[in-house]
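Structure file structure.txt with compact mmCIF, C-alpha atoms:
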# COMPACT_ATOMS: atom_id res chain seq x y z
CA MET A 97 14.16 8.07 -53.24
CA ALA A 98 16.54 10.12 -51.05
CA ALA A 99 15.90 10.40 -47.33
CA ALA A 100 14.37 13.68 -46.19
CA GLU A 101 16.74 16.14 -44.54
CA SER A 102 16.07 18.33 -41.52
CA VAL A 103 18.38 21.27 -40.81
CA PHE A 104 18.49 23.12 -37.48
CA THR A 105 21.07 24.53 -35.05
CA TYR A 106 22.21 23.64 -31.54
CA LYS A 107 24.42 26.04 -29.59
CA GLY A 108 25.05 27.99 -32.78
CA LYS A 109 26.26 25.03 -34.82
CA PRO A 110 24.29 23.41 -37.63
CA MET A 111 22.76 19.95 -37.27
CA VAL A 112 21.63 18.15 -40.40
CA ARG A 113 19.55 15.01 -40.11
CA ARG A 114 19.29 12.58 -42.95
CA GLY A 115 17.38 9.48 -41.97
CA ASP A 116 19.06 7.95 -38.91
CA THR A 117 22.28 9.97 -39.31
CA ILE A 118 22.83 13.44 -37.82
CA TYR A 119 25.80 15.63 -38.74
CA TYR A 120 26.69 18.25 -36.11
CA GLY A 121 29.13 21.10 -36.57
CA ASP A 122 30.20 23.58 -39.19
CA LEU A 123 31.36 21.65 -42.26
CA SER A 124 33.95 24.36 -42.94
CA GLU A 125 35.72 23.56 -39.64
CA LYS A 126 38.33 20.85 -39.05
CA TYR A 127 36.10 18.60 -36.87
CA ILE A 128 32.49 17.45 -36.98
CA ILE A 129 30.32 14.97 -35.05
CA ILE A 130 28.33 12.21 -36.70
CA PHE A 131 25.50 10.63 -34.71
CA THR A 132 24.09 7.30 -35.87
CA ILE A 133 20.74 6.26 -34.42
CA LYS A 134 21.16 2.52 -33.98
CA SER A 135 17.78 1.66 -32.48
CA LYS A 136 14.52 3.33 -31.47
CA LYS A 137 11.62 2.66 -29.14
CA MET A 138 8.11 4.01 -28.72
CA VAL A 139 7.41 6.27 -25.76
CA GLY A 140 3.71 6.91 -25.87
CA ASP A 141 3.02 8.01 -29.43
CA VAL A 142 6.59 9.20 -30.10
CA GLU A 143 9.50 7.21 -31.50
CA VAL A 144 12.75 8.03 -29.64
CA ALA A 145 16.34 6.86 -30.04
CA ASP A 146 17.48 4.37 -27.40
CA SER A 147 20.93 3.64 -28.84
CA VAL A 148 23.06 6.32 -30.49
CA GLY A 149 26.59 6.03 -31.88
CA ILE A 150 28.80 9.12 -31.65
CA ASP A 151 31.83 9.71 -33.88
CA LEU A 152 34.13 12.73 -33.57
CA CYS A 153 35.59 13.04 -37.05
CA LEU A 154 38.37 14.91 -38.77
CA ASN A 155 36.52 16.64 -41.59
CA ASN A 156 38.38 16.02 -44.84
CA GLY A 157 35.40 16.90 -47.00
CA PHE A 158 31.85 15.59 -46.97
CA GLY A 159 31.89 11.79 -47.05
CA LYS A 160 35.62 11.52 -46.32
CA GLU A 161 35.65 11.85 -42.52
CA LYS A 162 38.28 10.12 -40.36
CA VAL A 163 37.01 8.94 -36.96
CA ILE A 164 39.02 10.30 -34.01
CA LYS A 165 36.80 9.16 -31.08
CA LYS A 166 33.80 6.84 -30.78
CA ALA A 167 31.19 6.21 -28.11
CA ASN A 168 27.63 4.94 -27.68
CA ARG A 169 24.89 6.40 -25.49
CA GLU A 170 21.36 5.32 -24.60
CA SER A 171 19.65 8.54 -25.70
CA LEU A 172 20.15 11.37 -28.14
CA PHE A 173 20.24 13.82 -25.21
CA GLU A 174 23.20 11.95 -23.64
CA ALA A 175 24.90 11.70 -27.03
CA ILE A 176 24.59 15.43 -27.72
CA ASP A 177 25.91 16.23 -24.25
CA ILE A 178 29.22 14.38 -24.75
CA ALA A 179 29.49 15.33 -28.42
CA GLU A 180 29.29 19.06 -27.66
CA PHE A 181 32.20 18.69 -25.22
CA TRP A 182 34.28 16.64 -27.67
CA LEU A 183 33.67 19.06 -30.54
CA GLU A 184 34.52 22.19 -28.55
CA ASP A 185 37.66 20.55 -27.15
CA ALA A 186 38.80 19.37 -30.59
CA ILE A 187 38.22 22.77 -32.19
CA GLU A 188 40.07 24.60 -29.37
CA ASN A 189 42.98 22.15 -29.02
CA GLY A 190 43.13 20.37 -32.37

Produce structure tokens that represent the structure in this file.
Amino acid sequence: MAAAESVFTYKGKPMVRRGDTIYYGDLSEKYIIIFTIKSKKMVGDVEVADSVGIDLCLNNGFGKEKVIKKANRESLFEAIDIAEFWLEDAIENG
């Protein structure tokens, strides 16, 4: 059975979640971000990410991305913060 997908936007760019992977950015543009949730913890009744991998990728077509930059952060909030900067910089200067 395929993992359920959630689609939403952040700062005008689409985010698509499939399981523990989140794709951020317009797939028609040259660069996208791929978040990988590596581990989670419970905070009260809510499961939250406590280790997130970030990959800035050259978008050569869905499933054929080339990693340009990598990092890890301790929360999804921190990961999105750096990823937004990387993506905007890559689109403007790449």

Name all residues at most 12 Å from Glu174 (chain A) (count all atoms listed in the file; drop same-chain ones fewer than 4 positions away) and give them as number ranges by chain. A: 131, 145-150, 167-170, 178-181

Mind dumping the selected residues with C-alpha atoms as a compact mmCIF listing (two decimals), keeping the file's coordinate frame?
# COMPACT_ATOMS: atom_id res chain seq x y z
CA PHE A 131 25.50 10.63 -34.71
CA ALA A 145 16.34 6.86 -30.04
CA ASP A 146 17.48 4.37 -27.40
CA SER A 147 20.93 3.64 -28.84
CA VAL A 148 23.06 6.32 -30.49
CA GLY A 149 26.59 6.03 -31.88
CA ILE A 150 28.80 9.12 -31.65
CA ALA A 167 31.19 6.21 -28.11
CA ASN A 168 27.63 4.94 -27.68
CA ARG A 169 24.89 6.40 -25.49
CA GLU A 170 21.36 5.32 -24.60
CA ILE A 178 29.22 14.38 -24.75
CA ALA A 179 29.49 15.33 -28.42
CA GLU A 180 29.29 19.06 -27.66
CA PHE A 181 32.20 18.69 -25.22

Just give me the gap between CA of Ile128 (chain A) and CA of Glu143 (chain A) in Å, one decimal is fine.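 Going from CA of Ile128 (chain A) over to CA of Glu143 (chain A) covers 25.8 Å.
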
What's around Asn155 (chain A) at 6 Å? Count all atoms listed in the file, leave out sequence neighbours fewer than 6 positions away in its own chain, and write the answer as an MDAnalysis selection string. chainID A and resid 126:127 161

Expected file contents, prior selection, C-alpha atoms, as a compact mmCIF listing (two decimals), in the coordinates of the input:
# COMPACT_ATOMS: atom_id res chain seq x y z
CA LYS A 126 38.33 20.85 -39.05
CA TYR A 127 36.10 18.60 -36.87
CA GLU A 161 35.65 11.85 -42.52

Near-region 111-125 of chain A list (8 Å; only C-alpha atoms; drop same-chain fewer than 3 positions) as a ChimeraX atom specification: /A:99-106,128-134,155,157-158,183,187

Given only C-alpha atoms as the counted atoms, nearest of A:Cys153, A:Lys166, A:Lys109, A:Phe173 to Ala186 (chain A):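 Counting only C-alpha atoms, the residue closest to Ala186 (chain A) is A:Cys153.
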
Just give me the gap between CA of Ser171 (chain A) and CA of Val142 (chain A) in Å, one decimal is fine. 13.8 Å

Have a look at CA of Val144 (chain A) and CA of Glu184 (chain A) and let me know their distance in Å, one decimal. 26.0 Å

Give me the residues within 9 Å of Ile164 (chain A) as a ChimeraX atom specification, counting all atoms listed in the file and dropping any in the same chain fewer than 4 places off. /A:151-154

Take the residues from that selection and put them in a file with C-alpha atoms, as a compact mmCIF listing (two decimals), in the frame of the given file.
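Result went into result.txt, see below:
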# COMPACT_ATOMS: atom_id res chain seq x y z
CA ASP A 151 31.83 9.71 -33.88
CA LEU A 152 34.13 12.73 -33.57
CA CYS A 153 35.59 13.04 -37.05
CA LEU A 154 38.37 14.91 -38.77

So that all listed atoms of region 124-138 of chain A fit with 6 Å spare on each side, what axis-aligned box centre and edge lengths in Å, to one decimal, would you give as AutoDock Vina command-line options?
--center_x 23.2 --center_y 13.0 --center_z -35.8 --size_x 42.2 --size_y 34.7 --size_z 26.2
